[in-house]
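What follows is one structure encoded as structure tokens, with my remarks underneath.
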Protein chains: 2
Amino acid sequence: MGEFLVRMNNAVTSPNFSLNSLPDAGRMDIACRCVTNAIFLSFALRKNVKIYLNLNGPPNPPVTICFDTNKLKNVYPDERNIASHIKIALRKLNPNFEVESEPGITVSKKSFEQIIKEKFENGFDLYYLTKDGKDIKEFDFKEKSFFIIGDNKGIPQKTELFLERYIKDKVSLGKIEYLASACITIINYEIDRKKY
Amino acid sequence: MGEFLVRMNNAVTSPNFSLNSLPDAGRMDIACRCVTNAIFLSFALRKNVKIYLNLNGPPNPPVTICFDTNKLKNVYPDERNIASHIKIALRKLNPNFEVESEPGITVSKKSFEQIIKEKFENGFDLYYLTKDGKDIKEFDFKEKSFFIIGDNKGIPQKTELFLERYIKDKVSLGKIEYLASACITIINYEIDRKKY
């Protein structure tokens, strides 16, 4: 269970980035680690997990790529493998409609705000991860929970104001600020520990 | 705080692996993700963390590489960057003594068993991460805690028997089996939450 949206401020929106220098592609390495931590268990994919990467870097922002574990195939946890799937998605991007670039991977021109509105309208509880939020241990997340996470540059203030209208609550992981990818591992873990 | 030892069954012990195919280097990608998750916070390195990668793949096993956050410099969280430091360490390996290959990174021919004995003799509490262990939430780890983690192939049975003599306890993260790298994030998180 659980869906994630990572807002990547500078991740490139062209497939012409090099798999040999992911940090130079607007920190595409962060996006890749977030996907790995969202979808993988030991020897298995998690069930019913989606992660949306919202890319806002040049030349053609925004682009949103979604990985859906219920349909994914042939995906491996190393950054380079995830990046290769992002590359394929960007290559198959169509400005007019959502495309399934590979099984379980979709790509579209949807903006961060569009994704938020769609999830809100579809009955999800939206949670914004921020250090001034309420302790994650106080929550009992329902099946349709949607977690919003910033990259290393965080969520712009204007976007935070937009979020206020849609989120159910702000969530904190304690006093320490973790890598975006680690936040996803921890959210999954906290949900696991409530269930099992 | 906290030190980690990851036993990599097949990770190569020659510097001649390709940074473009880390999984083919005996799953060196796992080793790299473990380092990132052990040492990084958002915009900072953790203090007083060491992670030992014990490599047991061809052609020259064993090799142990240690990253010490109190001395590390110029390390970045992407897998390829960590792998490049592993490559340098393997290139500077000396069979006769421990070498500091770069600031905060040491490499030696020490075996898994040697590291375990050293830590035990230095007064560390040793914990072996395994699904039949005691729930991590029941522990209150002291400053000198040392966590032993297997890679995707786990710890061989013979090695488990060896460990029995040295460990203080077995630790479990609940009913779910996580990636080795995720286990490290979770251990760090559980320790953080006890402290802050």
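So you can find residues: chains in the structure tokens are A, B, ... in the order shown, residues in each start at 1, and ligands are numbered from 1 in order.
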
Distance query stretch 9-19 of chain B at most 6 Å, only C-alpha atoms, self and fewer than 2 positions along chain excluded, as a ChimeraX atom specification: /B:21-22,25-28,55-60,87,90-91

Surrounding residues of stretch 184-187 of chain A excluding itself and chain neighbours under 5 positions, 10 Å, only C-alpha atoms, as an MDAnalysis selection string: (chainID A and resid 2:4 6 33:40 51 129 136:137 147:149 171:173 178:179 192:193) or (chainID B and resid 178 181:183 185:186 189:190)

Who sits within 9 Å of stretch 157-164 of chain A, only C-alpha atoms, same chain under 2 positions skipped, as a PyMOL selection string: chain A and resi 112-113+116+128+155+166-169

Any chance you can output those residues with N, CA and C atoms as a PDB file, in the first residue's frame?
```pdb
ATOM      1  N   PHE A 112       2.987  18.720 -11.092  1.00  0.00           N
ATOM      2  CA  PHE A 112       2.864  18.381  -9.669  1.00  0.00           C
ATOM      3  C   PHE A 112       1.442  18.681  -9.189  1.00  0.00           C
ATOM      4  N   GLU A 113       0.948  19.862  -9.529  1.00  0.00           N
ATOM      5  CA  GLU A 113      -0.372  20.281  -9.056  1.00  0.00           C
ATOM      6  C   GLU A 113      -1.473  19.372  -9.604  1.00  0.00           C
ATOM      7  N   ILE A 116      -1.537  16.119  -7.623  1.00  0.00           N
ATOM      8  CA  ILE A 116      -2.121  16.361  -6.303  1.00  0.00           C
ATOM      9  C   ILE A 116      -3.652  16.412  -6.400  1.00  0.00           C
ATOM     10  N   TYR A 128       2.046  15.525   3.559  1.00  0.00           N
ATOM     11  CA  TYR A 128       3.246  16.237   3.120  1.00  0.00           C
ATOM     12  C   TYR A 128       4.342  16.017   4.160  1.00  0.00           C
ATOM     13  N   ILE A 155      10.518  21.657  -1.214  1.00  0.00           N
ATOM     14  CA  ILE A 155       9.333  22.084  -1.964  1.00  0.00           C
ATOM     15  C   ILE A 155       9.297  23.617  -1.926  1.00  0.00           C
ATOM     16  N   TYR A 166      -4.930  20.877   0.024  1.00  0.00           N
ATOM     17  CA  TYR A 166      -5.233  19.489  -0.336  1.00  0.00           C
ATOM     18  C   TYR A 166      -4.787  18.451   0.694  1.00  0.00           C
ATOM     19  N   ILE A 167      -3.807  18.811   1.499  1.00  0.00           N
ATOM     20  CA  ILE A 167      -3.269  17.764   2.368  1.00  0.00           C
ATOM     21  C   ILE A 167      -4.144  17.533   3.600  1.00  0.00           C
ATOM     22  N   LYS A 168      -4.098  16.304   4.062  1.00  0.00           N
ATOM     23  CA  LYS A 168      -4.791  15.951   5.300  1.00  0.00           C
ATOM     24  C   LYS A 168      -3.931  16.362   6.494  1.00  0.00           C
ATOM     25  N   ASP A 169      -2.603  16.177   6.347  1.00  0.00           N
ATOM     26  CA  ASP A 169      -1.721  16.552   7.457  1.00  0.00           C
ATOM     27  C   ASP A 169      -0.265  16.624   6.979  1.00  0.00           C
TER      28      ASP A 169
END
```

All alpha helix (DSSP H) positions in chain B, as JSON, numbers by chain: {"B": [28, 29, 30, 31, 32, 33, 34, 35, 36, 37, 38, 39, 79, 80, 81, 82, 83, 84, 85, 86, 87, 88, 89, 90, 91, 92, 112, 113, 114, 115, 116, 117, 118, 119, 120, 121, 157, 158, 159, 160, 161, 162, 163, 164, 180, 181, 182, 183, 184, 185, 186, 187, 188, 189, 190, 191, 192, 193, 194, 195]}

Atom CA of B:Gly104 to atom CA of B:Lys73, straight-line distance in Å: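 Straight-line distance from atom CA of B:Lys73 to atom CA of B:Gly104 works out to 7.2 Å.
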
Closest atom pairs, chain B residues within 6 Å of chain A, only C-alpha atoms, as JSON lines:
```
{"residue": "B:Asp29", "atom": "CA", "partner": "A:Asp78", "partner_atom": "CA", "distance": 5.9}
{"residue": "B:Leu41", "atom": "CA", "partner": "A:Tyr178", "partner_atom": "CA", "distance": 4.8}
{"residue": "B:Ser42", "atom": "CA", "partner": "A:Leu179", "partner_atom": "CA", "distance": 4.7}
{"residue": "B:Asp78", "atom": "CA", "partner": "A:Asp29", "partner_atom": "CA", "distance": 5.9}
{"residue": "B:Glu177", "atom": "CA", "partner": "A:Ser42", "partner_atom": "CA", "distance": 5.5}
{"residue": "B:Tyr178", "atom": "CA", "partner": "A:Ser42", "partner_atom": "CA", "distance": 4.8}
{"residue": "B:Leu179", "atom": "CA", "partner": "A:Ser42", "partner_atom": "CA", "distance": 4.7}
```

Store the residues of this selection in a file with N, CA and C atoms, as a PDB file, in the first residue's frame.
```pdb
ATOM      1  N   ASP B  29      26.597  -3.010  -6.454  1.00  0.00           N
ATOM      2  CA  ASP B  29      25.559  -1.981  -6.249  1.00  0.00           C
ATOM      3  C   ASP B  29      24.986  -2.057  -4.832  1.00  0.00           C
ATOM      4  N   LEU B  41      23.133  11.843   5.890  1.00  0.00           N
ATOM      5  CA  LEU B  41      21.876  12.503   6.203  1.00  0.00           C
ATOM      6  C   LEU B  41      21.640  13.509   5.079  1.00  0.00           C
ATOM      7  N   SER B  42      20.532  14.248   5.173  1.00  0.00           N
ATOM      8  CA  SER B  42      20.306  15.296   4.200  1.00  0.00           C
ATOM      9  C   SER B  42      21.378  16.367   4.396  1.00  0.00           C
ATOM     10  N   ASP B  78      25.544   8.993  -4.666  1.00  0.00           N
ATOM     11  CA  ASP B  78      25.166   8.111  -5.783  1.00  0.00           C
ATOM     12  C   ASP B  78      26.052   6.866  -5.838  1.00  0.00           C
ATOM     13  N   GLU B 177      11.144  -8.857   5.028  1.00  0.00           N
ATOM     14  CA  GLU B 177      12.572  -8.876   4.703  1.00  0.00           C
ATOM     15  C   GLU B 177      12.907  -7.745   3.743  1.00  0.00           C
ATOM     16  N   TYR B 178      13.781  -6.880   4.206  1.00  0.00           N
ATOM     17  CA  TYR B 178      14.137  -5.696   3.432  1.00  0.00           C
ATOM     18  C   TYR B 178      15.453  -5.905   2.693  1.00  0.00           C
ATOM     19  N   LEU B 179      15.685  -5.036   1.708  1.00  0.00           N
ATOM     20  CA  LEU B 179      17.005  -4.961   1.098  1.00  0.00           C
ATOM     21  C   LEU B 179      18.036  -4.678   2.186  1.00  0.00           C
TER      22      LEU B 179
END
```
